[in-house]
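Note: the block below is start.cif and it holds mmCIF, C-alpha atoms.
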data_protein
loop_
_atom_site.label_atom_id
_atom_site.label_comp_id
_atom_site.auth_asym_id
_atom_site.auth_seq_id
_atom_site.Cartn_x
_atom_site.Cartn_y
_atom_site.Cartn_z
CA MET T 1 92.22 83.25 222.36
CA THR T 2 90.70 85.45 219.68
CA LYS T 3 92.96 83.96 216.97
CA THR T 4 91.99 80.46 218.00
CA ILE T 5 88.25 81.22 217.80
CA ARG T 6 88.65 82.85 214.39
CA ARG T 7 90.64 79.89 213.15
CA ALA T 8 87.88 77.50 214.24
CA GLY T 9 85.22 79.65 212.49
CA TRP T 10 87.18 79.72 209.26
CA SER T 11 87.60 75.95 209.45
CA ARG T 12 83.85 75.51 209.67
CA LEU T 13 83.21 77.83 206.72
CA VAL T 14 85.81 76.10 204.55
CA ALA T 15 84.46 72.65 205.42
CA GLN T 16 80.87 73.67 204.71
CA GLY T 17 81.89 75.24 201.40
CA MET T 18 83.78 72.11 200.37
CA ALA T 19 80.83 69.91 201.30
CA LEU T 20 78.44 72.09 199.29
CA TRP T 21 80.77 72.03 196.26
CA PHE T 22 81.24 68.26 196.36
CA GLY T 23 77.48 67.82 196.74
CA VAL T 24 76.86 69.86 193.61
CA LEU T 25 79.45 67.78 191.74
CA ALA T 26 77.73 64.59 192.82
CA ILE T 27 74.14 65.64 192.10
CA GLY T 28 74.73 67.83 189.05
CA PRO T 29 75.51 65.15 186.46
CA ALA T 30 72.48 63.14 187.49
CA ALA T 31 70.19 66.18 187.36
CA PHE T 32 71.35 67.31 183.92
CA ALA T 33 71.99 63.92 182.30
CA GLN T 34 70.44 63.56 178.85
CA PRO T 35 67.61 61.00 178.63
CA LYS T 36 68.31 57.89 176.63
CA LYS T 37 67.04 58.16 173.06
CA ALA T 38 64.98 55.33 171.69
CA ALA T 39 66.69 53.47 168.87
CA GLU T 40 65.19 54.28 165.50
CA THR T 41 63.80 51.35 163.59
CA PRO T 42 65.53 51.31 160.20
CA GLN T 43 63.26 50.92 157.21
CA PRO T 44 64.08 48.49 154.41
CA VAL T 45 64.84 50.14 151.10
CA TYR T 46 63.70 48.90 147.71
CA SER T 47 66.45 47.23 145.73
CA GLY T 48 65.57 46.25 142.22
CA PRO T 49 65.01 47.53 138.70
CA VAL T 50 64.01 51.18 138.39
CA THR T 51 61.36 52.00 135.80
CA GLU T 52 61.75 55.19 133.78
CA VAL T 53 58.44 57.02 133.43
CA LEU T 54 57.68 60.06 131.27
CA ILE T 55 54.71 62.17 132.41
CA LEU T 56 53.26 64.10 129.49
CA PRO T 57 51.16 67.27 129.94
CA LEU T 58 47.67 66.88 131.36
CA THR T 59 44.72 68.15 129.38
CA LYS T 60 41.01 68.50 130.11
CA GLU T 61 37.87 67.30 128.49
CA ASP T 62 36.24 69.92 126.31
CA THR T 63 32.99 69.91 128.25
CA LEU T 64 34.65 70.44 131.62
CA LYS T 65 34.09 73.89 133.16
CA VAL T 66 37.07 75.16 135.13
CA THR T 67 38.27 78.70 135.77
CA PRO T 68 40.80 79.19 132.96
CA THR T 69 43.36 80.92 135.17
CA LEU T 70 43.39 77.91 137.52
CA LEU T 71 44.05 75.26 134.90
CA PRO T 72 47.85 75.69 134.56
CA ASP T 73 48.29 75.51 138.34
CA ILE T 74 46.00 72.48 138.64
CA TYR T 75 47.95 70.67 135.93
CA SER T 76 51.28 71.59 137.51
CA GLU T 77 50.30 70.57 141.06
CA THR T 78 48.82 67.26 139.92
CA GLN T 79 51.86 66.35 137.82
CA GLU T 80 54.35 67.35 140.52
CA ALA T 81 52.50 65.39 143.21
CA LEU T 82 52.39 62.40 140.85
CA ARG T 83 56.11 62.65 140.08
CA ALA T 84 57.15 63.10 143.73
CA ALA T 85 55.08 60.15 144.91
CA LEU T 86 56.43 57.89 142.15
CA ASP T 87 60.03 58.88 142.88
CA SER T 88 59.63 58.36 146.62
CA SER T 89 58.80 54.68 146.04
CA GLY T 90 62.34 54.04 144.84
CA ARG T 91 60.91 51.85 142.08
CA VAL T 92 60.32 54.63 139.56
CA LYS T 93 62.28 57.55 138.15
CA ALA T 94 59.66 59.94 136.82
CA THR T 95 60.21 62.92 134.52
CA VAL T 96 57.62 65.61 133.81
CA PHE T 97 57.67 66.80 130.20
CA GLN T 98 58.57 70.48 129.85
CA SER T 99 58.38 72.09 126.42
CA SER T 100 61.06 74.60 127.46
CA SER T 101 63.60 72.00 128.61
CA PRO T 102 66.98 71.97 126.80
CA VAL T 103 66.42 68.38 125.65
CA VAL T 104 63.14 69.26 123.94
CA ARG T 105 64.49 72.47 122.41
CA ARG T 106 67.50 70.61 121.01
CA ALA T 107 65.24 67.94 119.50
CA ILE T 108 63.25 70.68 117.78
CA LYS T 109 66.40 72.44 116.60
CA GLU T 110 67.68 69.18 115.13
CA GLN T 111 64.24 68.66 113.52
CA ARG T 112 63.67 65.41 115.32
CA LEU T 113 60.55 67.02 116.80
CA THR T 114 58.40 69.90 115.62
CA GLU T 115 56.56 72.65 117.44
CA ALA T 116 53.37 70.99 116.26
CA ASP T 117 54.35 67.75 118.00
CA VAL T 118 54.91 69.58 121.25
CA ALA T 119 51.68 71.56 120.95
CA ALA T 120 49.70 68.39 120.24
CA LEU T 121 50.63 67.05 123.67
CA SER T 122 48.58 69.77 125.31
CA VAL T 123 45.39 68.90 123.42
CA SER T 124 42.94 66.31 124.70
CA GLY T 125 42.98 63.14 122.64
CA VAL T 126 46.63 63.21 121.56
CA THR T 127 47.39 60.39 119.13
CA ASP T 128 49.49 57.36 119.99
CA GLU T 129 51.76 58.21 117.07
CA THR T 130 52.68 61.57 118.57
CA VAL T 131 53.19 60.05 122.02
CA ASN T 132 55.50 57.37 120.67
CA LYS T 133 57.46 59.87 118.59
CA VAL T 134 58.05 62.22 121.50
CA ALA T 135 58.97 59.39 123.90
CA THR T 136 61.42 57.90 121.41
CA GLU T 137 63.16 61.20 120.66
CA LEU T 138 63.53 61.92 124.37
CA GLY T 139 65.13 58.52 125.00
CA PHE T 140 62.21 56.75 126.70
CA ASN T 141 62.41 53.48 124.78
CA GLU T 142 61.60 51.43 127.87
CA GLY T 143 59.53 51.98 130.97
CA ALA T 144 56.24 53.80 130.58
CA VAL T 145 54.60 57.00 129.37
CA ILE T 146 51.69 58.59 131.21
CA THR T 147 49.09 60.76 129.52
CA GLY T 148 45.96 62.04 131.18
CA ASP T 149 42.94 64.30 131.38
CA LEU T 150 41.24 66.29 134.08
CA ALA T 151 37.96 64.37 133.95
CA ALA T 152 35.80 66.12 136.58
CA TYR T 153 35.90 69.28 138.68
CA THR T 154 33.50 70.71 141.24
CA TYR T 155 33.82 73.70 143.55
CA ASP T 156 31.48 74.20 146.50
CA PRO T 157 31.90 77.80 147.74
CA THR T 158 29.45 77.29 150.60
CA GLY T 159 31.18 74.24 152.02
CA GLY T 160 34.63 75.48 150.99
CA LYS T 161 35.57 72.34 149.09
CA VAL T 162 37.02 71.32 145.71
CA GLU T 163 36.81 67.85 144.25
CA LEU T 164 38.51 66.86 141.01
CA SER T 165 39.14 63.62 139.13
CA VAL T 166 41.96 62.62 136.81
CA SER T 167 42.02 59.84 134.26
CA LEU T 168 45.50 58.61 133.32
CA THR T 169 46.66 56.22 130.64
CA VAL T 170 49.82 54.24 131.37
CA VAL T 171 51.48 53.10 128.15
CA GLY T 172 54.26 50.54 128.49
CA ARG T 173 57.33 51.06 126.33
CA GLY T 174 59.14 48.14 124.74
CA SER T 175 56.29 45.72 125.37
CA GLU T 176 53.07 44.64 123.75
CA ALA T 177 51.03 45.12 126.91
CA ALA T 178 47.79 47.02 126.48
CA PRO T 179 47.59 50.55 127.94
CA LYS T 180 46.26 50.68 131.48
CA ILE T 181 43.72 53.23 132.71
CA VAL T 182 44.00 54.83 136.14
CA ALA T 183 41.21 57.04 137.54
CA GLU T 184 41.45 58.78 140.90
CA THR T 185 39.62 61.59 142.69
CA GLY T 186 41.27 64.21 144.86
CA THR T 187 39.48 66.25 147.52
CA SER T 188 40.41 69.29 149.56
CA LYS T 189 39.61 69.54 153.24
CA PRO T 190 36.32 71.44 153.70
CA VAL T 191 36.76 74.98 154.97
CA ALA T 192 33.35 76.54 155.57
CA GLY T 193 33.05 80.04 154.15
CA MET T 194 36.27 79.77 152.12
CA ASN T 195 35.79 82.14 149.21
CA ASP T 196 39.21 81.62 147.64
CA GLU T 197 38.99 78.74 145.17
CA ARG T 198 42.69 78.53 144.29
CA PRO T 199 44.17 76.98 147.49
CA LEU T 200 41.33 74.46 147.60
CA ALA T 201 41.88 73.51 143.96
CA LEU T 202 45.64 73.07 144.47
CA GLU T 203 45.08 70.91 147.56
CA ALA T 204 42.65 68.69 145.66
CA ALA T 205 45.12 68.44 142.75
CA GLN T 206 47.91 67.31 145.07
CA ASP T 207 45.62 64.72 146.63
CA ALA T 208 44.64 63.39 143.20
CA GLY T 209 48.28 63.19 142.10
CA ARG T 210 49.33 61.19 145.17
CA LYS T 211 46.42 58.76 144.81
CA ALA T 212 47.11 58.33 141.11
CA ALA T 213 50.75 57.51 141.87
CA THR T 214 49.68 54.62 144.12
CA ALA T 215 47.47 53.24 141.35
CA VAL T 216 50.21 53.66 138.74
CA LEU T 217 52.68 51.73 140.90
CA GLN T 218 50.19 48.90 141.15
CA GLN T 219 49.82 48.88 137.38
CA LEU T 220 53.58 48.84 136.87
CA GLY T 221 53.94 45.80 139.13
CA THR T 222 54.28 44.96 142.79
CA PRO T 223 57.67 44.81 144.57
CA ALA T 224 57.50 41.01 144.42
CA THR T 225 57.60 41.08 140.61
CA VAL T 226 59.86 44.03 139.84
CA GLY T 227 62.28 43.88 142.75
CA THR T 228 62.74 42.98 146.39
CA LEU T 229 63.26 44.69 149.71
CA THR T 230 66.79 44.07 150.95
CA PRO T 231 67.08 44.95 154.65
CA SER T 232 70.70 43.74 154.84
CA LYS T 233 71.90 46.42 152.43
CA ALA T 234 69.44 49.10 153.38
CA MET T 235 69.63 49.01 157.14
CA PRO T 236 71.94 51.71 158.51
CA PRO T 237 73.98 51.02 161.64
CA ARG T 238 72.11 51.49 164.86
CA PRO T 239 72.77 54.87 166.47
CA ALA T 240 74.86 54.87 169.63
CA LYS T 241 72.80 54.95 172.80
CA LEU T 242 73.31 57.86 175.14
CA SER T 243 74.16 56.71 178.65
CA HIS T 244 71.85 57.79 181.47
CA ARG T 245 74.22 56.43 184.14
CA THR T 246 75.81 58.86 186.58
CA PRO T 247 79.66 58.80 186.57
CA ALA T 248 81.32 57.31 189.66
CA TRP T 249 83.86 60.08 190.31
CA PRO T 250 81.32 62.64 191.67
CA VAL T 251 80.20 60.09 194.27
CA VAL T 252 83.81 59.54 195.37
CA LEU T 253 84.34 63.28 195.67
CA ALA T 254 81.15 63.60 197.69
CA VAL T 255 82.33 60.90 200.13
CA LEU T 256 85.73 62.56 200.49
CA GLY T 257 84.01 65.87 201.02
CA GLY T 258 81.89 64.39 203.79
CA ILE T 259 84.99 62.96 205.49
CA GLY T 260 86.75 66.29 205.19
CA LEU T 261 83.74 68.05 206.68
CA ALA T 262 83.62 65.69 209.63
CA LEU T 263 87.36 66.12 210.31
CA ALA T 264 87.14 69.90 210.01
CA LEU T 265 84.20 70.11 212.39
CA SER T 266 85.93 67.80 214.86
CA HIS T 267 89.11 69.88 214.71
CA GLY T 268 87.23 73.13 215.04
CA GLY T 269 85.19 71.95 218.06
CA GLY T 270 88.25 70.59 219.90
CA GLY T 271 90.16 73.81 219.36
CA SER T 272 87.32 75.84 220.80
CA SER T 273 87.01 73.68 223.91
CA SER T 274 90.73 73.81 224.51
CA SER T 275 90.68 77.53 224.14
CA GLY T 276 87.83 77.77 226.60
CA GLY T 277 89.67 75.59 229.10
CA ASN T 278 92.87 77.53 228.79
CA THR T 279 91.03 80.80 229.07
CA GLY T 280 89.14 79.69 232.16
CA GLY T 281 92.26 78.27 233.78
CA ASN T 282 94.36 81.28 233.16
CA THR T 283 91.66 83.62 234.40
CA GLY T 284 90.94 81.67 237.52
CA GLY T 285 94.61 81.15 238.34
CA ASN T 286 95.50 84.73 237.90
CA THR T 287 92.55 85.91 239.94
CA GLY T 288 93.20 83.51 242.77
CA GLY T 289 96.92 84.27 242.86
CA ASN T 290 96.40 87.94 242.98
CA THR T 291 93.81 87.66 245.70
CA GLY T 292 95.60 85.24 248.07
CA GLY T 293 99.27 85.97 247.37
CA GLY T 294 100.81 88.90 249.35
CA GLY T 295 101.41 91.09 246.54
CA THR T 296 99.75 93.91 248.60
CA PRO T 297 100.82 94.25 252.28
CA PRO T 298 98.13 94.30 255.01
CA PRO T 299 97.35 97.57 256.69
CA PRO T 300 99.25 98.28 259.90
CA PRO T 301 97.45 97.61 263.18
CA PHE T 302 96.17 100.51 265.34
#
Please re-express this file's structure in structure tokens.
Amino acid sequence: MTKTIRRAGWSRLVAQGMALWFGVLAIGPAAFAQPKKAAETPQPVYSGPVTEVLILPLTKEDTLKVTPTLLPDIYSETQEALRAALDSSGRVKATVFQSSSPVVRRAIKEQRLTEADVAALSVSGVTDETVNKVATELGFNEGAVITGDLAAYTYDPTGGKVELSVSLTVVGRGSEAAPKIVAETGTSKPVAGMNDERPLALEAAQDAGRKAATAVLQQLGTPATVGTLTPSKAMPPRPAKLSHRTPAWPVVLAVLGGIGLALALSHGGGGSSSSGGNTGGNTGGNTGGNTGGGGTPPPPPF
């Protein structure tokens, strides 16, 4: 009897454990499934002629008052922002002139350029002759050359703001087109009480460089005249979509687990009832037999 009861209890525990396990298998994938990612819209890429552009050093007007220690950084930030914005269009390959570059040093060593030519580039009002000479010796026979000045600069320490303007001249190479003038103003975001002028000046310089790049691109020509957008070549294949659908096999396992649970409970309940019946029958039979049977003789009469 005791073994039968224990066996029925173990059957229940095993069935419940299996049902719990199959339930986890069925619900788990749905609970932890990755959400479907939205397909990225591919952007068309410019496909057409690329214009080579040489950016010569910026200078400043003689009357302009700027902290001398800030000037090299302002020039550098403006030129780099201009170069990066031009390159990002895909229509232009821009190069910033560096007097220390190996190409320039070799041209000086071979006496194709002089130190005076290089120094003249950093002075406001550089002559067209010097610009053409430098561009030719550096291999920029086509495309364009950009020269420019820092035309205006104001710093407001109370409002924490710097505003500066650049005036650029775009000279076409290999054509008779007249030079084009580009003027843009860059502004830093106001930071009240900002006493440090440098970060504000660099932010304004970057803003001016990006705006100037947009104007230069317009002067060099629109995409309709210098090239076209070709989506067929530029569009990458669409990324594969992640499925959010729950696999079918956990559901099957859950159903089988439920059937197994029902069978185990049915088997365990029947075994217990049978054990109870057998126990009751055996107990009652033995008790009745011992009581009514003659196993013990009656006492003798007196």
Could you list the residues chosen by the PyMOL selection byres ((chain T and resi 171-179) around 6) in this structure as number ranges by chain? T: 141-145, 170, 180
Write out as a PyMOL selection string the residues lying within 8 Å of Pro57 (chain T), counting only C-alpha atoms and excluding same-chain residues fewer than 2 positions away. chain T and resi 55+59+75+79+96-97+121-122+147-148
Dump of C-alpha atoms for the selected residues, as a compact mmCIF listing (two decimals), in the coordinates of the input:
# COMPACT_ATOMS: atom_id res chain seq x y z
CA ILE T 55 54.71 62.17 132.41
CA THR T 59 44.72 68.15 129.38
CA TYR T 75 47.95 70.67 135.93
CA GLN T 79 51.86 66.35 137.82
CA VAL T 96 57.62 65.61 133.81
CA PHE T 97 57.67 66.80 130.20
CA LEU T 121 50.63 67.05 123.67
CA SER T 122 48.58 69.77 125.31
CA THR T 147 49.09 60.76 129.52
CA GLY T 148 45.96 62.04 131.18
Please determine, counting all atoms listed in the file, which residue among T:Ile146, T:Glu110, T:Thr51, T:Val104 has the shortest atom-to-atom distance to Ser89 (chain T).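 Of T:Ile146, T:Glu110, T:Thr51, T:Val104, the one nearest Ser89 (chain T) is T:Thr51, counting all atoms listed in the file.
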CA of Ile74 (chain T) to CA of Val131 (chain T): how many Å, to one decimal?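 Between these atoms lies a distance of 22.0 Å.
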CA of Ala81 (chain T) to CA of Thr95 (chain T), straight-line distance in Å: 11.9 Å
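Note that the spacing between CA of Val134 (chain T) and CA of Val118 (chain T) amounts to 8.0 Å.
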Would you pick out the contacts of Ser124 (chain T) at 12 Å or less, using only C-alpha atoms, so that residues sharing its chain but fewer than 4 positions from it are not included, and give the list as a list of chain:residue names?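 Residues meeting the cut-off are T:Leu56, T:Pro57, T:Leu58, T:Thr59, T:Lys60, T:Glu61, T:Asp62, T:Thr63, T:Leu64, T:Ala119, T:Ala120, T:Thr147, T:Gly148, T:Asp149, T:Leu150, T:Ala151, T:Ser167, T:Leu168.
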If we count all atoms listed in the file, what is near Val216 (chain T) at a cut-off of 8 Å, once residues fewer than 4 positions away on the same chain are taken out, given as number ranges by chain? T: 170, 182, 212, 220
Incomplete region 99-116 of chain T filled out to N, CA, C and O atoms as a compact mmCIF listing (two decimals), in the coordinates of the input:
# COMPACT_ATOMS: atom_id res chain seq x y z
N SER T 99 58.09 71.67 127.80
CA SER T 99 58.38 72.09 126.42
C SER T 99 59.58 73.03 126.34
O SER T 99 60.20 73.15 125.28
N SER T 100 59.93 73.65 127.46
CA SER T 100 61.06 74.60 127.46
C SER T 100 62.37 73.94 127.87
O SER T 100 63.40 74.64 127.94
N SER T 101 62.38 72.65 128.15
CA SER T 101 63.60 72.00 128.61
C SER T 101 64.64 71.96 127.50
O SER T 101 64.30 71.91 126.31
N PRO T 102 65.93 72.00 127.82
CA PRO T 102 66.98 71.97 126.80
C PRO T 102 66.91 70.75 125.90
O PRO T 102 67.23 70.83 124.70
N VAL T 103 66.50 69.60 126.45
CA VAL T 103 66.42 68.38 125.65
C VAL T 103 65.37 68.53 124.56
O VAL T 103 65.58 68.15 123.39
N VAL T 104 64.22 69.07 124.93
CA VAL T 104 63.14 69.26 123.94
C VAL T 104 63.54 70.30 122.91
O VAL T 104 63.34 70.11 121.69
N ARG T 105 64.12 71.42 123.36
CA ARG T 105 64.49 72.47 122.41
C ARG T 105 65.56 71.97 121.42
O ARG T 105 65.55 72.33 120.24
N ARG T 106 66.47 71.14 121.91
CA ARG T 106 67.50 70.61 121.01
C ARG T 106 66.88 69.67 119.98
O ARG T 106 67.27 69.66 118.80
N ALA T 107 65.90 68.85 120.44
CA ALA T 107 65.24 67.94 119.50
C ALA T 107 64.50 68.72 118.41
O ALA T 107 64.47 68.30 117.24
N ILE T 108 63.93 69.85 118.78
CA ILE T 108 63.25 70.68 117.78
C ILE T 108 64.27 71.33 116.85
O ILE T 108 64.06 71.39 115.62
N LYS T 109 65.36 71.81 117.42
CA LYS T 109 66.40 72.44 116.60
C LYS T 109 66.99 71.45 115.60
O LYS T 109 67.30 71.82 114.44
N GLU T 110 67.13 70.21 116.03
CA GLU T 110 67.68 69.18 115.13
C GLU T 110 66.60 68.55 114.26
O GLU T 110 66.87 67.58 113.56
N GLN T 111 65.38 69.08 114.34
CA GLN T 111 64.24 68.66 113.52
C GLN T 111 63.84 67.21 113.76
O GLN T 111 63.27 66.54 112.89
N ARG T 112 64.16 66.73 114.94
CA ARG T 112 63.67 65.41 115.32
C ARG T 112 62.25 65.52 115.87
O ARG T 112 61.49 64.55 115.87
N LEU T 113 61.91 66.69 116.37
CA LEU T 113 60.55 67.02 116.80
C LEU T 113 60.18 68.35 116.18
O LEU T 113 61.04 69.14 115.78
N THR T 114 58.88 68.62 116.13
CA THR T 114 58.40 69.90 115.62
C THR T 114 57.59 70.61 116.71
O THR T 114 57.17 69.98 117.70
N GLU T 115 57.38 71.89 116.50
CA GLU T 115 56.56 72.65 117.44
C GLU T 115 55.14 72.09 117.45
O GLU T 115 54.47 72.10 118.49
N ALA T 116 54.71 71.58 116.33
CA ALA T 116 53.37 70.99 116.26
C ALA T 116 53.27 69.73 117.11
O ALA T 116 52.24 69.48 117.76
